[in-house]
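Below is one structure, written out as structure tokens; the observations come after it.
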Amino acid sequence: MSKRNKEIRQCQPCTACCDGWLQGVIGGIPIYPGKGCPDSTDKCENYENRQLDPCRNFDCAWIVENSLLPEWMKPDNSKAIVILEKWSWNGYPVDLAVPVGKRIPPRTLNWLMEHAEKNQRLLIYSEQILENGEYTKRQEFTGYGPPAFQRDLLEWKKDGKIFEGL
Ligand code: SF4
Ligand code: SF4
């Protein structure tokens, strides 16, 4: 688990990872886009008793110590939750960006792509799929990287396993 740089950065008022944009089960209750954790207001209402995983263990890329993400990339502002090195591909780290909302805004996505290029990283980002105006819990995943990575991503998508629970 990464160590948070608490002296410099604080989550509040961001609650993006508690609001269902990352799917999970909190206290036995599934959370997903459109249905956040019942304890999430403008802060965690169950902070002292929050569960270990994911609540205590989760650190987004903005909050980790020595984060390379600039201040404006805080998820409640950038509208993307970034998870560093979610996977690896041929020895390169693959970062994941999930939207806070339907899709990641262009400014944020551009920054993520430039960051991936400059730092020899690969990126997978998603868009929430809606039907009849409602979130479906499904996402479309897109890769940013060389053609061989794109080909492998197609295989991963067919298999689907690595994207389960996102
Ligand atoms: S998304 Fe990041 S900054 Fe926002 S509440 Fe979660 S860990 Fe904190
Ligand atoms: S219990 Fe607290 S930390 Fe965990 S998801 Fe809910 S609001 Fe977030």
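As shown in the structure tokens, the chain order sets the letters A, B, ...; within each chain, residues go from 1, and ligands are also counted from 1 in the order they appear.
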Sort by chain and increasing residue number a table of all residues of chain A within 9 Å of ligand 1, each with its closest pair of atoms and their distance in Å to one decimal, counting only C-alpha atoms and all ligand atoms, and write it as a tab-separated table.
```
residue	atom	partner	partner_atom_place_in_ligand_line	distance
A:Arg9	CA	ligand 1	3 (S)	8.2
A:Gln10	CA	ligand 1	3 (S)	6.8
A:Cys11	CA	ligand 1	8 (Fe)	3.8
A:Gln12	CA	ligand 1	5 (S)	6.5
A:Pro13	CA	ligand 1	5 (S)	7.5
A:Cys14	CA	ligand 1	4 (Fe)	4.4
A:Thr15	CA	ligand 1	5 (S)	4.1
A:Ala16	CA	ligand 1	1 (S)	4.6
A:Cys17	CA	ligand 1	6 (Fe)	4.2
A:Cys18	CA	ligand 1	6 (Fe)	6.7
A:Lys43	CA	ligand 1	5 (S)	8.5
A:Cys55	CA	ligand 1	6 (Fe)	8.9
A:Phe58	CA	ligand 1	7 (S)	6.4
A:Asp59	CA	ligand 1	7 (S)	4.8
A:Cys60	CA	ligand 1	2 (Fe)	4.4
A:Ala61	CA	ligand 1	2 (Fe)	6.9
A:Trp62	CA	ligand 1	2 (Fe)	5.9
A:Ile63	CA	ligand 1	3 (S)	5.5
A:Val64	CA	ligand 1	7 (S)	8.4
A:Lys74	CA	ligand 1	3 (S)	5.9
A:Pro75	CA	ligand 1	1 (S)	5.4
A:Asp76	CA	ligand 1	4 (Fe)	6.5
A:Ala80	CA	ligand 1	1 (S)	8.2
A:Ile81	CA	ligand 1	1 (S)	5.6
A:Val82	CA	ligand 1	1 (S)	8.0
```
Preceding selection exported with C-alpha atoms as a PDB file, in the first residue's frame:
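result-v3.pdb, freshly written:
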```
ATOM      1  CA  ARG A   9      -2.770  16.518   0.428  1.00  0.00           C
ATOM      2  CA  GLN A  10      -6.107  15.688   1.982  1.00  0.00           C
ATOM      3  CA  CYS A  11      -9.044  13.862   0.443  1.00  0.00           C
ATOM      4  CA  GLN A  12     -11.746  16.200   1.640  1.00  0.00           C
ATOM      5  CA  PRO A  13     -13.902  17.452   0.090  1.00  0.00           C
ATOM      6  CA  CYS A  14     -13.327  14.757  -2.557  1.00  0.00           C
ATOM      7  CA  THR A  15     -15.345  11.590  -2.005  1.00  0.00           C
ATOM      8  CA  ALA A  16     -15.018  10.234  -5.556  1.00  0.00           C
ATOM      9  CA  CYS A  17     -13.816   6.750  -4.594  1.00  0.00           C
ATOM     10  CA  CYS A  18     -16.709   6.377  -2.105  1.00  0.00           C
ATOM     11  CA  LYS A  43     -16.915  12.935   4.352  1.00  0.00           C
ATOM     12  CA  CYS A  55     -11.638   1.914   2.473  1.00  0.00           C
ATOM     13  CA  PHE A  58      -7.192   2.470  -1.229  1.00  0.00           C
ATOM     14  CA  ASP A  59      -4.983   5.336  -2.341  1.00  0.00           C
ATOM     15  CA  CYS A  60      -5.640   7.026  -5.653  1.00  0.00           C
ATOM     16  CA  ALA A  61      -2.704   8.356  -7.655  1.00  0.00           C
ATOM     17  CA  TRP A  62      -3.403  11.932  -6.573  1.00  0.00           C
ATOM     18  CA  ILE A  63      -3.093  11.222  -2.829  1.00  0.00           C
ATOM     19  CA  VAL A  64      -0.008   8.992  -2.813  1.00  0.00           C
ATOM     20  CA  LYS A  74      -7.647  15.888  -7.767  1.00  0.00           C
ATOM     21  CA  PRO A  75     -10.496  13.523  -8.738  1.00  0.00           C
ATOM     22  CA  ASP A  76     -13.341  15.820  -7.710  1.00  0.00           C
ATOM     23  CA  ALA A  80     -11.057  10.931 -13.082  1.00  0.00           C
ATOM     24  CA  ILE A  81      -9.785   8.503 -10.460  1.00  0.00           C
ATOM     25  CA  VAL A  82      -6.333   7.288 -11.437  1.00  0.00           C
TER      26      VAL A  82
END
```
Give me, as a PyMOL selection string, the set of residues whose atoms come within 6 Å of any atom of ligand 2, counting only C-alpha atoms and all ligand atoms. chain A and resi 18+37+39-40+44+46-47+50+55
Non-local contacts of Asp53 of chain A (12 Å; only C-alpha atoms; under 6 positions in same chain excluded) as a PDB file with N, CA and C atoms, in the first residue's frame:
```
ATOM      1  N   MET A   1       0.834  -1.192   0.000  1.00  0.00           N
ATOM      2  CA  MET A   1       0.000   0.000   0.000  1.00  0.00           C
ATOM      3  C   MET A   1       0.879   1.257   0.000  1.00  0.00           C
ATOM      4  N   GLY A  24     -17.678  -1.753  -5.834  1.00  0.00           N
ATOM      5  CA  GLY A  24     -17.206  -2.590  -4.733  1.00  0.00           C
ATOM      6  C   GLY A  24     -18.356  -2.929  -3.804  1.00  0.00           C
ATOM      7  N   VAL A  25     -18.018  -3.544  -2.695  1.00  0.00           N
ATOM      8  CA  VAL A  25     -19.024  -3.902  -1.692  1.00  0.00           C
ATOM      9  C   VAL A  25     -18.546  -3.331  -0.365  1.00  0.00           C
ATOM     10  N   ILE A  26     -19.361  -2.452   0.211  1.00  0.00           N
ATOM     11  CA  ILE A  26     -18.995  -1.796   1.469  1.00  0.00           C
ATOM     12  C   ILE A  26     -20.006  -2.202   2.534  1.00  0.00           C
ATOM     13  N   GLY A  27     -19.524  -2.864   3.564  1.00  0.00           N
ATOM     14  CA  GLY A  27     -20.429  -3.318   4.623  1.00  0.00           C
ATOM     15  C   GLY A  27     -21.541  -4.195   4.074  1.00  0.00           C
ATOM     16  N   ASP A  59      -5.593   4.026  -2.111  1.00  0.00           N
ATOM     17  CA  ASP A  59      -4.983   5.336  -2.341  1.00  0.00           C
ATOM     18  C   ASP A  59      -5.032   5.605  -3.839  1.00  0.00           C
TER      19      ASP A  59
END
```
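Ranking A:Asn132, A:Lys102, A:Tyr92, A:Ile83 by their shortest atom-to-atom distance to Pro146 of chain A, with only C-alpha atoms included, puts A:Tyr92 first.
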Please identify the alpha helix (DSSP H) residues within segment 45-108 of chain A (assignment by DSSP from backbone atoms) and present them as an MDAnalysis selection string. chainID A and resid 75:78 106:108
Using only C-alpha atoms, which of A:Lys79, A:Leu166, A:Gly34, A:Lys86 sits nearest Gly133 of chain A?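 Among A:Lys79, A:Leu166, A:Gly34, A:Lys86, it is A:Gly34 that comes nearest to Gly133 of chain A.
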For segment 115-119 of chain A, list every protein, DNA or RNA residue within 9 Å, evaluated using only C-alpha atoms, and leave out those in the same chain fewer than 6 positions away; present the list as a ChimeraX atom specification. /A:68-69,94-95,144-145
Selection above as a file: N, CA and C atoms, as a PDB file, in the first residue's frame:
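As written to disk, part_34.pdb reads:
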```
ATOM      1  N   LEU A  68       2.828  12.380  -8.876  1.00  0.00           N
ATOM      2  CA  LEU A  68       3.184  13.195 -10.036  1.00  0.00           C
ATOM      3  C   LEU A  68       1.978  13.951 -10.576  1.00  0.00           C
ATOM      4  N   LEU A  69       0.820  13.653 -10.024  1.00  0.00           N
ATOM      5  CA  LEU A  69      -0.377  14.335 -10.509  1.00  0.00           C
ATOM      6  C   LEU A  69      -0.450  15.748  -9.930  1.00  0.00           C
ATOM      7  N   VAL A  94       0.943  -0.300 -16.345  1.00  0.00           N
ATOM      8  CA  VAL A  94      -0.304   0.119 -17.009  1.00  0.00           C
ATOM      9  C   VAL A  94      -1.184   0.791 -15.961  1.00  0.00           C
ATOM     10  N   ASP A  95      -1.427   2.085 -16.145  1.00  0.00           N
ATOM     11  CA  ASP A  95      -2.268   2.830 -15.213  1.00  0.00           C
ATOM     12  C   ASP A  95      -3.725   2.769 -15.677  1.00  0.00           C
ATOM     13  N   TYR A 144      -4.241   3.290 -24.343  1.00  0.00           N
ATOM     14  CA  TYR A 144      -3.342   4.264 -24.961  1.00  0.00           C
ATOM     15  C   TYR A 144      -1.938   3.696 -24.880  1.00  0.00           C
ATOM     16  N   GLY A 145      -1.412   3.328 -26.030  1.00  0.00           N
ATOM     17  CA  GLY A 145      -0.094   2.703 -26.065  1.00  0.00           C
ATOM     18  C   GLY A 145       0.163   2.165 -27.470  1.00  0.00           C
TER      19      GLY A 145
END
```
If you run DSSP on the backbone, which residues of chain A are strand (DSSP E), as a VMD selection string? chain A and resid 24 to 26 29 to 31 80 to 89 92 to 99 122 to 131 134 to 144
Selection from above, C-alpha atoms, as a JSON list (two decimals), in the first residue's frame, can you write it?
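Written out: selection17.json:
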```
[["chain", "number", "residue", "atom", "x", "y", "z"],
["A", 24, "GLY", "CA", -17.21, -2.59, -4.73],
["A", 25, "VAL", "CA", -19.02, -3.90, -1.69],
["A", 26, "ILE", "CA", -19.00, -1.80, 1.47],
["A", 29, "ILE", "CA", -23.78, -3.25, 0.25],
["A", 30, "PRO", "CA", -22.75, -3.10, -3.41],
["A", 31, "ILE", "CA", -21.74, 0.34, -4.63],
["A", 80, "ALA", "CA", -11.06, 10.93, -13.08],
["A", 81, "ILE", "CA", -9.78, 8.50, -10.46],
["A", 82, "VAL", "CA", -6.33, 7.29, -11.44],
["A", 83, "ILE", "CA", -4.87, 4.05, -10.12],
["A", 84, "LEU", "CA", -1.17, 3.60, -10.74],
["A", 85, "GLU", "CA", 0.20, 0.34, -12.05],
["A", 86, "LYS", "CA", -3.07, -1.52, -11.92],
["A", 87, "TRP", "CA", -1.55, -3.97, -14.38],
["A", 88, "SER", "CA", 1.71, -4.42, -16.22],
["A", 89, "TRP", "CA", 2.39, -5.23, -19.84],
["A", 92, "TYR", "CA", 5.73, -1.54, -18.46],
["A", 93, "PRO", "CA", 3.30, -0.23, -15.85],
["A", 94, "VAL", "CA", -0.30, 0.12, -17.01],
["A", 95, "ASP", "CA", -2.27, 2.83, -15.21],
["A", 96, "LEU", "CA", -6.06, 2.90, -15.01],
["A", 97, "ALA", "CA", -8.25, 6.00, -15.15],
["A", 98, "VAL", "CA", -11.96, 5.72, -14.32],
["A", 99, "PRO", "CA", -14.32, 8.65, -14.86],
["A", 122, "LEU", "CA", 0.66, 2.69, -20.63],
["A", 123, "LEU", "CA", -2.85, 3.82, -19.93],
["A", 124, "ILE", "CA", -6.25, 2.20, -19.92],
["A", 125, "TYR", "CA", -9.19, 4.53, -19.42],
["A", 126, "SER", "CA", -12.89, 3.88, -19.29],
["A", 127, "GLU", "CA", -16.24, 5.42, -20.07],
["A", 128, "GLN", "CA", -19.43, 4.51, -18.23],
["A", 129, "ILE", "CA", -22.14, 2.93, -20.36],
["A", 130, "LEU", "CA", -25.64, 4.30, -19.89],
["A", 131, "GLU", "CA", -28.94, 2.86, -21.07],
["A", 134, "GLU", "CA", -29.18, 5.16, -16.30],
["A", 135, "TYR", "CA", -25.73, 3.84, -15.47],
["A", 136, "THR", "CA", -25.45, 0.13, -16.27],
["A", 137, "LYS", "CA", -22.41, -0.83, -14.16],
["A", 138, "ARG", "CA", -20.63, -1.57, -17.43],
["A", 139, "GLN", "CA", -17.73, 0.39, -18.88],
["A", 140, "GLU", "CA", -16.00, 0.61, -22.21],
["A", 141, "PHE", "CA", -12.22, 0.38, -21.87],
["A", 142, "THR", "CA", -9.77, 2.08, -24.22],
["A", 143, "GLY", "CA", -6.02, 1.71, -24.28],
["A", 144, "TYR", "CA", -3.34, 4.26, -24.96]]
```
To one decimal place in Å, what is the distance between atom CA of Gln150 of chain A and atom CA of Pro54 of chain A? 29.3 Å
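Candidate residues A:Ile162, A:Leu22, A:Ile8, A:Leu109 were compared for distance to Asn66 of chain A, and the nearest is A:Ile8, using only C-alpha atoms.
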